[in-house]
Amino acid sequence: CFVYVDLRLRKHIYEVLAGVVVITSKEAVQHQGISLTMEGLVNLQLSSKSVGVFEAFYNSVKPIQLINSNIEVAKPGKVPGGKTEIPFEFPLQVKGNKVLYETYHGVFVNIQVLICRLEDTVFLTFTFTASIKMHPFPHFRCRNSLAKFLVRGHLDATNCVITQPLTGELVVESSEVAIKSIELQLVRVETCGCAEGYARDATEIQNIQIAEGDVCHGLPIPIYMVFPRLFTCPTLETTNFKVEFEMNVVIVLHDDHLITENFPLKLCRV
């Protein structure tokens with residue numbers, strides 16, 4: 001007997017989660033009822049450097065439950081041989097005033113929604129969306145205090161739609177030191193804690209080289225970065241945790257000296 005759950009979102013995502021339980025068996029199967037449970041949790045943990053600093057964090061912040069519901073798909077009975085499809089619908093009703101965040105798997109923050117069949121557990125995850133308006137970002141320039149160095153450029157936006165690339169342009173106007181490489185570094189910043197204090201940890205999730213060698217001065221270099229689906233989510237800020245993103249424009253000089261400009265990003269889904 002083989003069972004899997006076909007998962008679909010229907011209508012507006014905050015109304016109903018609809019799907020089908022598919023049972024495939026060579027012969028009839030007796031069962032004591034088929035139920036589905038959906039549970040959404042946020043799990044937080046501190047990095048090793050913060051262990052012992054915020055002891056109250058471990059005592060006060062347990063997994064945060066966003067949603068928990070159970071439905072009966074079929075009453076006790078018998079499933080005939082062959083392929084049987086049993087439709088189901090889950091009302092997406094969160095607990096209290098909580099928000100149903102997108103599925104996210106980070107280093108110190110994890111948000112997941114699990115659907116399991118009580119008799120034989122099957123795990124599935126799905127995504128929810130949010131919407132934030134986009135605004136343009138002004139020109140930037142950076143200088144190296146060790147030598148005459150000037151780079152100009154712009155980002156088309158820092159409020160970014162997560163399914164669309166981050167774009168812009170960079171121009172090396174002048175440099176007394178030869179350039180070795182120009183890179184875009186996407187950084188994920190996770191903050192978690194409680195009233196006693198918060199721990200903030202940043203991890204690199206993507207690095208893209210947009211130029212190699214001593215580039216021509218005055219030549220526009222396009223900035224183009226696609227946000228990695230598995231390591232990003234819309235920007236989140238709650239009482240106990242935050243998930244934020246930043247991009248660094250990193251210019252590596254010939255002597256391996258690094259020049260970095262940091263740009264906070266706000267990601268959204270529309």
# chains A, B, ... in the order shown; residues from 1 in each chain; ligands from 1
>>> residues_around(residues="Ala28 of chain A", least_positions_apart="6", cutoff="10 Å", atoms="only C-alpha atoms", output="mmCIF file with N, CA, C and O atoms, in the first residue's frame")
data_model
loop_
_atom_site.group_PDB
_atom_site.id
_atom_site.type_symbol
_atom_site.label_atom_id
_atom_site.label_comp_id
_atom_site.auth_asym_id
_atom_site.auth_seq_id
_atom_site.Cartn_x
_atom_site.Cartn_y
_atom_site.Cartn_z
ATOM 1 N N CYS A 1 0.853 -1.180 0.000
ATOM 2 C CA CYS A 1 0.000 0.000 0.000
ATOM 3 C C CYS A 1 0.893 1.235 0.000
ATOM 4 O O CYS A 1 1.822 1.349 0.805
ATOM 5 N N LYS A 78 -12.894 0.634 4.595
ATOM 6 C CA LYS A 78 -12.032 -0.134 3.705
ATOM 7 C C LYS A 78 -11.795 0.677 2.429
ATOM 8 O O LYS A 78 -12.705 1.286 1.887
ATOM 9 N N VAL A 79 -10.531 0.655 2.007
ATOM 10 C CA VAL A 79 -10.159 1.305 0.750
ATOM 11 C C VAL A 79 -10.043 0.220 -0.311
ATOM 12 O O VAL A 79 -9.325 -0.768 -0.117
ATOM 13 N N PRO A 80 -10.732 0.345 -1.443
ATOM 14 C CA PRO A 80 -10.678 -0.694 -2.473
ATOM 15 C C PRO A 80 -9.307 -0.768 -3.134
ATOM 16 O O PRO A 80 -8.504 0.168 -3.046
ATOM 17 N N GLY A 81 -9.026 -1.879 -3.767
ATOM 18 C CA GLY A 81 -7.774 -2.031 -4.489
ATOM 19 C C GLY A 81 -7.685 -1.053 -5.645
ATOM 20 O O GLY A 81 -8.682 -0.533 -6.127
ATOM 21 N N GLY A 82 -6.462 -0.786 -6.089
ATOM 22 C CA GLY A 82 -6.254 0.177 -7.168
ATOM 23 C C GLY A 82 -5.847 1.521 -6.605
ATOM 24 O O GLY A 82 -5.233 1.632 -5.544
#
>>> residues_around(residues="segment 69-75 of chain A", least_positions_apart="5", cutoff="8 Å", atoms="only C-alpha atoms", output="list in words")
Gln32, Gly33, Ile34, Ser35, Leu36, Thr37, Met38, Glu39, Ile86, Pro87, Phe88 and Phe90 of chain A
>>> write_last_selection(atoms="all heavy atoms", output="tab-separated table (two decimals), in the first residue's frame")
chain	number	residue	atom	x	y	z
A	32	GLN	N	-8.49	2.24	10.14
A	32	GLN	CA	-9.20	2.72	11.31
A	32	GLN	C	-9.47	4.22	11.24
A	32	GLN	O	-9.69	4.88	12.26
A	32	GLN	CB	-8.36	2.42	12.57
A	32	GLN	CG	-8.10	0.95	12.80
A	32	GLN	CD	-9.42	0.16	12.91
A	32	GLN	OE1	-10.34	0.57	13.63
A	32	GLN	NE2	-9.51	-0.96	12.21
A	33	GLY	N	-9.46	4.76	10.04
A	33	GLY	CA	-9.69	6.18	9.86
A	33	GLY	C	-8.44	6.87	9.35
A	33	GLY	O	-7.32	6.46	9.64
A	34	ILE	N	-8.64	7.90	8.56
A	34	ILE	CA	-7.52	8.67	8.00
A	34	ILE	C	-7.68	10.11	8.44
A	34	ILE	O	-8.70	10.75	8.19
A	34	ILE	CB	-7.49	8.58	6.46
A	34	ILE	CG1	-7.35	7.12	6.02
A	34	ILE	CG2	-6.34	9.41	5.90
A	34	ILE	CD1	-7.45	6.94	4.52
A	35	SER	N	-6.66	10.62	9.14
A	35	SER	CA	-6.68	12.01	9.62
A	35	SER	C	-5.41	12.72	9.19
A	35	SER	O	-4.36	12.10	8.99
A	35	SER	CB	-6.79	12.05	11.15
A	35	SER	OG	-7.97	11.41	11.59
A	36	LEU	N	-5.51	14.01	9.07
A	36	LEU	CA	-4.35	14.84	8.75
A	36	LEU	C	-4.19	15.92	9.81
A	36	LEU	O	-5.17	16.49	10.28
A	36	LEU	CB	-4.51	15.51	7.37
A	36	LEU	CG	-4.47	14.62	6.14
A	36	LEU	CD1	-4.75	15.45	4.89
A	36	LEU	CD2	-3.13	13.92	6.01
A	37	THR	N	-2.95	16.17	10.19
A	37	THR	CA	-2.64	17.23	11.14
A	37	THR	C	-1.68	18.22	10.48
A	37	THR	O	-0.71	17.81	9.85
A	37	THR	CB	-1.98	16.67	12.41
A	37	THR	OG1	-2.92	15.80	13.06
A	37	THR	CG2	-1.59	17.79	13.36
A	38	MET	N	-1.98	19.50	10.60
A	38	MET	CA	-1.08	20.53	10.09
A	38	MET	C	-0.57	21.35	11.27
A	38	MET	O	-1.35	21.84	12.09
A	38	MET	CB	-1.80	21.44	9.10
A	38	MET	CG	-0.92	22.59	8.60
A	38	MET	SD	-1.63	23.46	7.18
A	38	MET	CE	-3.15	24.09	7.91
A	39	GLU	N	0.76	21.51	11.34
A	39	GLU	CA	1.37	22.27	12.42
A	39	GLU	C	2.45	23.18	11.85
A	39	GLU	O	3.32	22.74	11.11
A	39	GLU	CB	1.96	21.34	13.48
A	39	GLU	CG	2.54	22.09	14.67
A	39	GLU	CD	3.05	21.15	15.76
A	39	GLU	OE1	3.58	20.08	15.41
A	39	GLU	OE2	2.93	21.50	16.94
A	86	ILE	N	-8.71	10.82	-2.20
A	86	ILE	CA	-9.62	11.39	-1.20
A	86	ILE	C	-9.27	12.86	-1.03
A	86	ILE	O	-8.20	13.20	-0.51
A	86	ILE	CB	-9.48	10.66	0.15
A	86	ILE	CG1	-9.66	9.15	-0.02
A	86	ILE	CG2	-10.48	11.21	1.16
A	86	ILE	CD1	-9.40	8.36	1.24
A	87	PRO	N	-10.12	13.78	-1.48
A	87	PRO	CA	-9.82	15.21	-1.36
A	87	PRO	C	-9.95	15.70	0.08
A	87	PRO	O	-10.67	15.13	0.89
A	87	PRO	CB	-10.87	15.86	-2.26
A	87	PRO	CG	-12.01	14.90	-2.26
A	87	PRO	CD	-11.42	13.52	-2.14
A	88	PHE	N	-9.22	16.77	0.39
A	88	PHE	CA	-9.32	17.37	1.71
A	88	PHE	C	-9.10	18.87	1.60
A	88	PHE	O	-8.55	19.37	0.62
A	88	PHE	CB	-8.31	16.76	2.70
A	88	PHE	CG	-6.87	17.10	2.38
A	88	PHE	CD1	-6.30	18.26	2.87
A	88	PHE	CD2	-6.11	16.25	1.59
A	88	PHE	CE1	-4.98	18.58	2.58
A	88	PHE	CE2	-4.78	16.56	1.30
A	88	PHE	CZ	-4.22	17.72	1.79
A	90	PHE	N	-7.88	22.22	4.26
A	90	PHE	CA	-7.46	22.74	5.55
A	90	PHE	C	-7.77	24.23	5.62
A	90	PHE	O	-7.29	25.00	4.78
A	90	PHE	CB	-5.95	22.57	5.74
A	90	PHE	CG	-5.55	21.38	6.55
A	90	PHE	CD1	-4.82	20.36	5.97
A	90	PHE	CD2	-5.88	21.29	7.88
A	90	PHE	CE1	-4.44	19.25	6.71
A	90	PHE	CE2	-5.50	20.18	8.63
A	90	PHE	CZ	-4.78	19.17	8.04
>>> closest_atom_pairs(of="segment 158-201 of chain A", to="segment 267-270 of chain A", cutoff="6 Å", atoms="only C-alpha atoms", output="tab-separated table")
residue	atom	partner	partner_atom	distance
A:Asn159	CA	A:Leu267	CA	6.0
A:Cys160	CA	A:Leu267	CA	4.9
A:Val161	CA	A:Cys268	CA	5.0
A:Ile162	CA	A:Leu267	CA	5.6
>>> residues_around(residues="Glu89 of chain A", least_positions_apart="6", cutoff="9 Å", atoms="only C-alpha atoms", output="JSON, numbers by chain")
{"A": [16, 17, 18, 19, 20, 71, 73]}
>>> atom_distance(atom1="atom CA of Ser181 of chain A", atom2="atom CA of Ala157 of chain A")
23.6 Å
>>> atom_distance(atom1="atom CA of Glu190 of chain A", atom2="atom CA of Asp256 of chain A")
28.7 Å
>>> closest_residue(among="A:Ile23, A:Ile205, A:Val99, A:Val189", to="Glu85 of chain A", atoms="only C-alpha atoms")
A:Ile23
>>> closest_residue(among="A:Leu155, A:Gln30, A:Glu183, A:Val243", to="Phe263 of chain A", atoms="only C-alpha atoms")
A:Leu155
>>> closest_residue(among="A:Lys83, A:Lys242, A:His105, A:Lys148", to="Leu230 of chain A", atoms="only C-alpha atoms")
A:His105
